[in-house]
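A.B. asks: Here you go, input-v8.cif (mmCIF, C-alpha atoms):
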```
data_data
loop_
_atom_site.label_atom_id
_atom_site.label_comp_id
_atom_site.auth_asym_id
_atom_site.auth_seq_id
_atom_site.Cartn_x
_atom_site.Cartn_y
_atom_site.Cartn_z
CA MET A 256 -15.27 -17.87 -41.93
CA SER A 257 -11.83 -16.65 -43.13
CA LYS A 258 -8.61 -18.22 -41.96
CA ALA A 259 -7.73 -15.04 -40.05
CA SER A 260 -11.04 -14.89 -38.17
CA ALA A 261 -10.95 -18.62 -37.47
CA TYR A 262 -7.47 -18.25 -36.01
CA SER A 263 -8.24 -15.15 -33.96
CA HIS A 264 -11.52 -16.36 -32.47
CA PRO A 265 -9.94 -18.76 -29.90
CA GLN A 266 -7.46 -16.05 -28.86
CA TRP A 267 -10.25 -13.52 -28.44
CA LEU A 268 -12.28 -16.00 -26.39
CA ALA A 269 -9.29 -16.78 -24.17
CA ARG A 270 -8.77 -13.09 -23.45
CA MET A 271 -12.43 -12.65 -22.57
CA ARG A 272 -11.93 -15.33 -19.91
CA LYS A 273 -9.05 -13.46 -18.27
CA VAL A 274 -8.65 -10.41 -16.03
CA LEU A 275 -6.23 -7.70 -17.09
CA ILE A 276 -4.48 -6.46 -13.91
CA ILE A 277 -3.08 -2.96 -14.42
CA GLY A 278 -0.47 -1.59 -12.02
CA LYS A 279 3.22 -1.24 -11.32
CA ILE A 280 5.46 -3.83 -9.74
CA PRO A 281 8.62 -2.84 -7.84
CA LEU A 282 10.68 -0.82 -8.36
CA PRO A 283 9.65 1.72 -7.07
CA ILE A 284 8.88 0.26 -3.66
CA GLY A 285 5.54 1.33 -2.23
CA GLY A 286 2.34 -0.07 -0.79
CA VAL A 287 0.57 -0.26 -4.15
CA THR A 288 3.45 -1.87 -6.03
CA ILE A 289 4.08 -4.38 -3.23
CA HIS A 290 0.38 -5.31 -3.20
CA VAL A 291 0.35 -5.84 -6.97
CA SER A 292 3.54 -7.91 -6.96
CA ARG A 293 2.32 -10.11 -4.10
CA LEU A 294 -1.09 -10.51 -5.74
CA ILE A 295 0.55 -11.70 -8.98
CA GLU A 296 2.84 -14.02 -7.04
CA GLN A 297 -0.04 -15.57 -5.08
CA LEU A 298 -2.25 -15.98 -8.15
CA LYS A 299 0.53 -17.95 -9.82
CA GLN A 300 1.13 -20.08 -6.72
CA ARG A 301 -2.57 -20.90 -6.51
CA LYS A 302 -2.67 -21.87 -10.20
CA PHE A 303 -5.16 -19.11 -11.04
CA GLU A 304 -4.25 -18.59 -14.67
CA GLN A 305 -7.13 -16.36 -15.70
CA PHE A 306 -5.18 -13.10 -15.60
CA THR A 307 -2.63 -11.04 -17.51
CA LEU A 308 -0.46 -8.29 -16.02
CA CYS A 309 -0.11 -4.88 -17.65
CA ASP A 310 2.88 -3.24 -15.93
CA LEU A 311 2.46 0.54 -16.09
CA GLY A 312 6.14 0.97 -15.34
CA ARG A 313 7.16 -0.84 -18.51
CA GLU A 314 4.27 -0.61 -21.01
CA LYS A 315 3.87 2.26 -23.46
CA PRO A 316 0.56 4.22 -23.44
CA TYR A 317 -0.44 2.84 -26.85
CA ASP A 318 0.17 -0.76 -25.72
CA ILE A 319 -1.87 -0.15 -22.56
CA ILE A 320 -4.85 1.07 -24.60
CA VAL A 321 -4.58 -1.90 -26.95
CA LYS A 322 -4.54 -4.31 -24.02
CA ILE A 323 -7.57 -2.70 -22.42
CA LEU A 324 -9.48 -3.05 -25.67
CA LYS A 325 -8.62 -6.75 -25.82
CA TYR A 326 -9.92 -7.67 -22.35
CA LYS A 327 -13.43 -7.55 -20.92
CA THR A 328 -12.51 -7.40 -17.21
CA ILE A 329 -9.94 -4.90 -15.91
CA HIS A 330 -8.52 -4.56 -12.37
CA LEU A 331 -6.84 -1.18 -11.87
CA HIS A 332 -4.22 -0.32 -9.24
CA ILE A 333 -3.21 3.35 -9.46
CA SER A 334 -3.47 6.12 -6.86
CA ASN A 335 -3.93 9.23 -9.02
CA PRO A 336 -7.66 10.11 -8.84
CA PHE A 337 -7.74 11.75 -12.27
CA TYR A 338 -6.17 8.73 -13.96
CA GLN A 339 -8.70 6.56 -12.13
CA LEU A 340 -11.51 8.68 -13.61
CA LEU A 341 -9.94 8.58 -17.07
CA PHE A 342 -9.67 4.77 -16.97
CA ALA A 343 -13.21 4.46 -15.61
CA ALA A 344 -14.70 6.67 -18.33
CA PHE A 345 -12.79 4.82 -21.07
CA CYS A 346 -13.88 1.41 -19.74
CA LYS A 347 -17.48 2.56 -19.44
CA LEU A 348 -17.52 3.80 -23.04
CA THR A 349 -15.95 0.57 -24.31
CA GLY A 350 -18.18 -1.76 -22.27
CA LYS A 351 -15.51 -3.12 -19.91
CA LYS A 352 -16.02 -4.40 -16.37
CA LEU A 353 -13.65 -2.23 -14.35
CA LEU A 354 -12.54 -3.07 -10.81
CA ILE A 355 -10.65 -0.26 -9.04
CA THR A 356 -8.79 -0.86 -5.81
CA TYR A 357 -8.63 2.43 -3.90
CA HIS A 358 -5.49 2.01 -1.83
CA GLY A 359 -5.96 5.16 0.26
CA ASN A 360 -8.66 6.45 2.57
CA TRP A 361 -11.80 7.83 0.93
CA GLY A 362 -11.99 11.64 0.92
CA ARG A 363 -8.26 12.31 1.38
CA TYR A 364 -7.96 14.78 -1.52
CA TRP A 365 -9.15 18.32 -2.10
CA LEU A 366 -12.50 18.92 -3.82
CA ALA A 367 -11.42 18.13 -7.40
CA GLY A 368 -9.58 14.94 -6.41
CA ASN A 369 -12.44 13.71 -4.23
CA CYS A 370 -14.96 14.42 -7.02
CA ALA A 371 -12.79 12.42 -9.43
CA VAL A 372 -12.72 9.49 -6.96
CA ASN A 373 -16.49 9.62 -6.54
CA MET A 374 -17.08 9.68 -10.29
CA SER A 375 -14.63 6.86 -11.03
CA ALA A 376 -16.39 4.73 -8.41
CA PHE A 377 -19.74 5.57 -9.97
CA LEU A 378 -18.52 4.54 -13.45
CA SER A 379 -16.68 1.39 -12.36
CA PHE A 380 -18.19 -2.08 -12.18
CA THR A 381 -16.87 -2.79 -8.67
CA PRO A 382 -14.96 -0.33 -6.46
CA ILE A 383 -12.76 -2.00 -3.82
CA VAL A 384 -11.98 -0.06 -0.62
CA GLN A 385 -9.91 -0.61 2.51
CA ASN A 386 -11.96 0.23 5.58
CA GLU A 387 -15.48 0.63 6.93
CA GLU A 388 -15.49 4.42 6.67
CA SER A 389 -14.47 4.29 3.01
CA PHE A 390 -17.05 1.55 2.38
CA ARG A 391 -19.90 3.70 3.72
CA ARG A 392 -18.85 6.70 1.64
CA ALA A 393 -18.18 4.73 -1.55
CA ARG A 394 -21.55 2.95 -1.29
CA ARG A 395 -23.29 6.26 -1.96
CA TRP A 396 -21.75 6.18 -5.43
CA ASN A 397 -21.81 2.49 -6.27
CA ARG A 398 -23.83 -0.16 -4.43
CA HIS A 399 -21.51 -2.91 -5.74
CA VAL A 400 -18.56 -1.65 -3.64
CA ARG A 401 -16.52 -4.30 -1.85
CA GLN A 402 -14.30 -3.95 1.22
CA ILE A 403 -11.20 -6.08 0.63
CA SER A 404 -7.88 -5.47 2.39
CA THR A 405 -4.69 -4.92 0.40
CA TYR A 406 -2.52 -6.86 2.84
CA ILE A 407 -1.15 -10.04 1.29
CA ARG A 408 1.59 -12.03 3.00
CA GLY A 409 4.80 -11.93 1.03
CA SER A 410 7.32 -14.60 0.25
CA PRO A 411 10.50 -14.71 2.40
CA SER A 412 12.20 -11.32 2.48
CA ILE A 413 15.20 -10.47 0.34
CA PRO A 414 18.17 -9.95 2.70
CA LEU A 415 19.76 -6.53 3.12
CA SER A 416 23.02 -5.89 1.37
CA LYS A 417 26.02 -6.80 3.50
CA GLY A 418 27.04 -3.16 3.88
CA THR A 419 23.57 -2.05 4.99
CA TYR A 420 23.24 -4.93 7.43
CA LEU A 421 26.60 -4.14 9.05
CA ARG A 422 25.74 -0.43 9.24
CA LEU A 423 22.47 -1.21 11.03
CA ALA A 424 24.17 -3.67 13.36
CA ARG A 425 26.80 -1.10 14.35
CA PHE A 426 24.18 1.64 14.72
CA THR A 427 21.78 -0.32 16.91
CA GLU A 428 24.40 -1.70 19.30
CA ASN A 429 24.85 1.81 20.73
CA TYR A 430 21.21 2.21 21.86
CA GLN A 431 18.88 0.45 24.28
CA THR A 432 15.59 0.85 22.39
CA ILE A 433 15.18 0.88 18.61
CA PHE A 434 12.21 2.37 16.79
CA SER A 435 11.65 2.24 13.05
CA THR A 436 9.42 3.99 10.55
CA ASN A 437 9.15 4.09 6.77
CA ALA A 438 8.05 6.14 3.79
CA TRP A 439 8.22 4.79 0.28
CA ASN A 440 8.54 8.38 -0.99
CA LEU A 441 8.23 11.97 0.16
CA LYS A 442 4.52 12.81 -0.08
CA PHE A 443 2.27 15.61 1.21
CA ASP A 444 -1.46 15.62 1.97
CA ARG A 445 -4.06 18.19 0.90
CA ASN A 446 -2.96 20.45 3.81
CA GLU A 447 0.67 20.32 2.64
CA CYS A 448 1.64 18.22 5.66
CA GLU A 449 3.99 15.25 5.36
CA ILE A 450 1.79 12.19 4.93
CA TYR A 451 4.30 9.98 6.76
CA GLY A 452 5.25 12.50 9.47
CA ILE A 453 8.92 11.54 9.58
CA LEU A 454 10.31 14.90 10.70
CA ALA A 455 7.86 15.03 13.61
CA ILE A 456 9.08 11.61 14.77
CA ILE A 457 12.71 12.74 14.55
CA ARG A 458 12.01 15.93 16.51
CA SER A 459 10.12 14.06 19.22
CA MET A 460 12.93 11.54 19.66
CA GLN A 461 16.10 13.59 19.27
CA ASP A 462 16.46 14.19 23.03
CA GLY A 463 15.52 10.66 24.07
CA SER A 464 18.35 9.05 26.01
CA GLY A 465 19.04 5.54 24.77
CA LEU A 466 16.43 5.79 21.97
CA ALA A 467 17.22 5.41 18.29
CA LEU A 468 15.23 5.64 15.07
CA ILE A 469 15.75 3.79 11.77
CA VAL A 470 14.04 5.45 8.80
CA SER A 471 13.34 3.18 5.85
CA ASP A 472 13.71 5.57 2.91
CA PRO A 473 14.01 3.53 -0.31
CA SER A 474 13.59 6.54 -2.63
CA GLY A 475 16.29 8.56 -0.84
CA HIS A 476 14.10 11.66 -1.00
CA TYR A 477 13.34 11.78 2.72
CA ALA A 478 17.00 11.90 3.79
CA ARG A 479 17.52 14.96 1.57
CA PHE A 480 14.29 16.52 2.87
CA ALA A 481 15.44 16.00 6.45
CA GLN A 482 18.85 17.53 5.72
CA ASP A 483 17.17 20.60 4.20
CA ASN A 484 14.63 21.09 7.01
CA LEU A 485 16.52 20.16 10.18
CA GLU A 486 19.58 21.92 11.56
CA LYS A 487 21.24 18.51 11.51
CA ILE A 488 20.13 14.90 11.47
CA PRO A 489 20.55 13.66 15.06
CA ASP A 490 23.11 10.98 15.76
CA ASN A 491 20.35 8.63 16.97
CA VAL A 492 18.65 8.62 13.55
CA CYS A 493 19.74 6.31 10.72
CA PHE A 494 18.35 6.58 7.19
CA ILE A 495 18.38 3.55 4.88
CA SER A 496 18.17 5.33 1.54
CA GLU A 497 18.28 2.50 -0.96
CA PRO A 498 15.75 -0.08 -2.18
CA HIS A 499 15.28 -2.80 0.46
CA ASP A 500 12.70 -5.03 2.10
CA PHE A 501 11.38 -3.29 5.23
CA ARG A 502 10.84 -6.62 6.99
CA ASN A 503 14.62 -6.76 7.49
CA VAL A 504 14.52 -3.44 9.33
CA LEU A 505 11.84 -4.82 11.65
CA GLU A 506 14.31 -7.46 12.79
CA PHE A 507 16.33 -4.66 14.44
CA SER A 508 13.25 -2.90 15.89
CA ASP A 509 11.47 -2.88 19.23
CA ALA A 510 8.61 -0.84 17.79
CA PHE A 511 7.32 0.44 14.46
CA ILE A 512 5.89 3.99 14.25
CA ARG A 513 3.15 4.80 11.71
CA ASN A 514 2.68 8.58 12.00
CA THR A 515 0.50 9.21 8.95
CA THR A 516 -2.05 11.97 8.32
CA THR A 517 -4.10 9.58 6.19
CA ASP A 518 -3.89 5.88 5.40
CA GLY A 519 -5.40 2.89 3.68
CA VAL A 520 -4.38 -0.55 4.91
CA SER A 521 -0.75 -0.22 5.99
CA LEU A 522 1.18 -3.30 4.88
CA SER A 523 3.95 -2.41 7.33
CA ILE A 524 1.57 -2.50 10.31
CA TYR A 525 0.70 -6.12 9.54
CA GLU A 526 4.31 -7.02 8.79
CA ALA A 527 5.29 -5.59 12.17
CA MET A 528 2.52 -7.56 13.87
CA GLU A 529 3.70 -10.78 12.21
CA SER A 530 7.27 -10.00 13.37
CA ASN A 531 6.00 -9.45 16.95
CA VAL A 532 7.12 -5.81 16.82
CA VAL A 533 5.06 -3.24 18.73
CA ILE A 534 3.03 -0.87 16.53
CA LEU A 535 2.51 2.77 17.54
CA ALA A 536 0.14 4.52 15.11
CA SER A 537 -1.49 7.92 14.68
CA ASP A 538 -5.26 8.16 15.03
CA SER A 539 -5.78 9.58 11.51
CA VAL A 540 -7.81 6.47 10.54
CA HIS A 541 -9.17 3.42 12.32
CA ARG A 542 -6.33 1.12 13.37
CA PRO A 543 -6.35 -2.61 14.21
CA ALA A 544 -6.85 -3.51 17.88
CA PHE A 545 -3.24 -4.66 18.26
CA CYS A 546 -1.95 -1.09 17.59
CA LYS A 547 -1.27 1.47 20.32
CA VAL A 548 -2.85 4.64 18.94
CA PHE A 549 -1.58 8.14 19.76
CA GLN A 550 -2.97 11.61 19.08
CA ASP A 551 -0.31 14.26 19.65
CA ILE A 552 3.17 13.05 18.79
CA SER A 553 4.80 16.08 20.42
CA ARG A 554 3.61 14.90 23.86
CA ILE A 555 4.61 11.26 23.63
CA ASP A 556 6.81 9.46 26.10
CA TRP A 557 8.11 6.77 23.79
CA LEU A 558 9.06 4.29 26.51
CA ASP A 559 5.58 4.52 28.05
CA GLU A 560 4.06 4.07 24.61
CA LEU A 561 6.31 1.08 23.97
CA ALA A 562 5.16 -0.63 27.17
CA ALA A 563 1.48 0.06 26.45
CA GLY A 564 1.97 -1.08 22.86
CA ARG A 565 3.50 -4.37 23.99
CA GLU A 566 0.42 -5.05 26.12
CA LYS A 567 -1.84 -4.29 23.16
CA LEU A 568 0.12 -6.52 20.81
CA ASP A 569 0.27 -9.45 23.24
CA LEU A 570 -3.45 -9.18 23.94
CA HIS A 571 -4.84 -8.75 20.44
CA ALA A 572 -2.33 -10.03 17.86
CA ARG A 573 -3.17 -13.70 18.41
CA LYS A 574 -6.86 -12.93 17.96
CA ALA A 575 -6.34 -10.98 14.74
CA LEU A 576 -8.05 -12.76 11.88
CA LEU A 577 -6.33 -11.86 8.64
CA PRO A 578 -8.60 -12.35 5.64
CA ASP A 579 -7.55 -14.38 2.62
CA VAL A 580 -7.37 -11.40 0.29
CA VAL A 581 -6.38 -13.43 -2.77
CA ALA A 582 -9.35 -15.78 -2.30
CA GLU A 583 -11.69 -12.80 -2.02
CA LEU A 584 -10.30 -11.21 -5.17
CA THR A 585 -10.39 -14.42 -7.21
CA ALA A 586 -14.04 -14.84 -6.18
CA VAL A 587 -14.74 -11.36 -7.58
CA TYR A 588 -12.76 -12.22 -10.72
CA ARG A 589 -14.75 -15.39 -11.30
CA GLN A 590 -18.00 -13.52 -10.82
CA CYS A 591 -16.95 -10.97 -13.44
CA LEU A 592 -15.78 -13.68 -15.82
CA GLY A 593 -19.07 -15.53 -15.44
CA GLY A 594 -17.91 -18.72 -13.73
#
```
Would you mind writing the file's structure down as structure tokens?
C.D. replies:
Amino acid sequence: MSKASAYSHPQWLARMRKVLIIGKIPLPIGGVTIHVSRLIEQLKQRKFEQFTLCDLGREKPYDIIVKILKYKTIHLHISNPFYQLLFAAFCKLTGKKLLITYHGNWGRYWLAGNCAVNMSAFLSFTPIVQNEESFRRARRWNRHVRQISTYIRGSPSIPLSKGTYLRLARFTENYQTIFSTNAWNLKFDRNECEIYGILAIIRSMQDGSGLALIVSDPSGHYARFAQDNLEKIPDNVCFISEPHDFRNVLEFSDAFIRNTTTDGVSLSIYEAMESNVVILASDSVHRPAFCKVFQDISRIDWLDELAAGREKLDLHARKALLPDVVAELTAVYRQCLGG
């Protein structure tokens, strides 16, 4: 054996005993990036050293391909269905064990996107989905599918900037009841409707006496969208259009509104529950028992919903059993790695 091969063999063996986790870590701020960053953080805290991160926000395409070729087990975190299919086909051709976490609800795209999701699941080693409905549909394409939540508790939140904190404090002192909502970016579903339904919330609340709404808008795109599509942004609406930890906004809130047209596992719903903040959520997907679910936002009486939501939260939040997502994922990793 040559010196080069003798030297490289231990490195190659070490890589074969690790999982390559592919995804982005903040910034930008979004459900997928937060999940990946918290997963990495928890793996380190638990002394699970059998992984390497490939940050799509920082790595060049050539370096990504080289890394994939070096590792046997890949865990992919991206939302674009066509990129998922591309990764799945490449891993299948190169003999890799690919895990894909599908962060959204199954079947949320048009025909081409849904076909790409189905095919990537078929080609992957283990698809990972978020809810029972997605599990049933994904199982038709791959019997190894696993249902594992994306909610991982985070470390203590990073405080708001002094200016933002003071602005929120001054804003909220003028109103009796504070609602909050969030959108990591301006996104539309296959019907060209806002996925996060922010404008509908604003319209339904603009005449509410004593009610106010904080919109967590870290990309800044939603504030501009609202300015372009409303005659004016009501005085009882405050946009926070800079990167920040939404858990700080919950500290000012009586209730959190999740008005989505589709969803996976909403991290913010669980963060609100842990902060003892009422959750009011659309019925677009199955919601946890501690959420007060609504159907038609245009007919909502927000104070009635708040009272009903408080009853729901008090009744069910204590009984909510949150799975140990990191333990479930490391069990899958060890199975793939053969130990």
A.B. asks: Rank nothing, just name the residue among A:Phe511, A:Ala582, A:Ile488, A:Phe434 nearest to Ile469 in chain A, using only C-alpha atoms.
C.D. replies: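 Using only C-alpha atoms, Ile469 in chain A sits closest to A:Phe434.
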A.B. asks: Would you please work out which residue, of A:Ala563, A:Leu441, A:Val532, A:Ile413, is nearest to Arg479 in chain A when using all atoms listed in the file?
C.D. replies: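 Checking each candidate against Arg479 in chain A, we get A:Leu441 as the closest.
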A.B. asks: Provide the CA of Arg363 in chain A to CA of Leu311 in chain A distance in Å, to one decimal place.
C.D. replies: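 Interatomic distance, CA of Arg363 in chain A to CA of Leu311 in chain A: 23.6 Å.
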A.B. asks: Would you list the contacts of Pro382 in chain A as a count of residues only, taking every protein, DNA or RNA residue within 7 Å and counting all atoms listed in the file, but skipping same-chain residues closer than 6 positions in sequence?
C.D. replies: 6
A.B. asks: So, with all atoms listed in the file as the atoms that count, which of A:Lys302, A:Cys546, A:Arg554, A:Asn446 lies closest to Glu566 in chain A?
C.D. replies: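 Of all the options, A:Cys546 lies closest to Glu566 in chain A.
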A.B. asks: Quick one: pull the distance between CA of Lys279 in chain A and CA of Pro578 in chain A, Å, one decimal.
C.D. replies: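 Separating CA of Lys279 in chain A from CA of Pro578 in chain A is a distance of 23.5 Å.
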A.B. asks: Selection in question (the file shown): the PyMOL selection byres ((chain A and resi 454-457) around 12). Which residues does it include, as a PyMOL selection string?
C.D. replies: chain A and resi 434-438+441+448-453+458-463+466-470+477-494+511-516+535-537+551-557
A.B. asks: Starting from the shown file, work through the PyMOL selection byres ((chain A and resi 377) around 9) and note down what comes out as a compact mmCIF listing (two decimals) with C-alpha atoms, in the frame of the given file.
C.D. replies:
```txt
# COMPACT_ATOMS: atom_id res chain seq x y z
CA ALA A 343 -13.21 4.46 -15.61
CA VAL A 372 -12.72 9.49 -6.96
CA ASN A 373 -16.49 9.62 -6.54
CA MET A 374 -17.08 9.68 -10.29
CA SER A 375 -14.63 6.86 -11.03
CA ALA A 376 -16.39 4.73 -8.41
CA LEU A 378 -18.52 4.54 -13.45
CA SER A 379 -16.68 1.39 -12.36
CA PHE A 380 -18.19 -2.08 -12.18
CA THR A 381 -16.87 -2.79 -8.67
CA PRO A 382 -14.96 -0.33 -6.46
CA ALA A 393 -18.18 4.73 -1.55
CA ARG A 395 -23.29 6.26 -1.96
CA TRP A 396 -21.75 6.18 -5.43
CA ASN A 397 -21.81 2.49 -6.27
CA ARG A 398 -23.83 -0.16 -4.43
```
A.B. asks: Show me, as a list in words, the residues that have an atom within 9 Å of Leu570 in chain A when counting all atoms listed in the file, minus same-chain residues fewer than 5 positions from it.
C.D. replies: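 So, after excluding close chain neighbours, the residues are Ala544, Phe545 and Arg565 of chain A.
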A.B. asks: Pick from A:His476, A:Cys346, A:Asp500, A:Gln402: nearest to Tyr420 in chain A, with only C-alpha atoms counted?
C.D. replies: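 Among the listed residues, A:Asp500 lies closest to Tyr420 in chain A.
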A.B. asks: Evaluating the PyMOL selection byres ((chain A and resi 522) around 10) on the displayed file yields which residues, as a count of residues only?
C.D. replies: 18
A.B. asks: In terms of the shortest atom-to-atom distance over all atoms listed in the file, which of A:Ala424, A:Leu298, A:Ala371, A:Ile495 is closest to Tyr338 in chain A?
C.D. replies: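 Once distances to Tyr338 in chain A are computed over all atoms listed in the file, the minimum belongs to A:Ala371.
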A.B. asks: Please compute the CA of Ala586 in chain A-CA of Ser389 in chain A distance, one decimal, in Å.
C.D. replies: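 Atom-to-atom, CA of Ala586 in chain A to CA of Ser389 in chain A, that is 21.2 Å.
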A.B. asks: I need the residue nearest Asn531 in chain A from this list: A:Gln305, A:Thr419, A:Ser508, A:Thr517. Use all atoms listed in the file for the distance.
C.D. replies: A:Ser508
A.B. asks: Kindly list the centre and edge lengths in Å, rounded to one decimal, for the axis-aligned box that covers all listed atoms of range 370-384 of chain A plus 6 Å on each of its six sides, as lines of an AutoDock Vina configuration file.
C.D. replies:
```
center_x = -15.9
center_y = 5.8
center_z = -7.0
size_x = 19.8
size_y = 29.2
size_z = 24.8
```
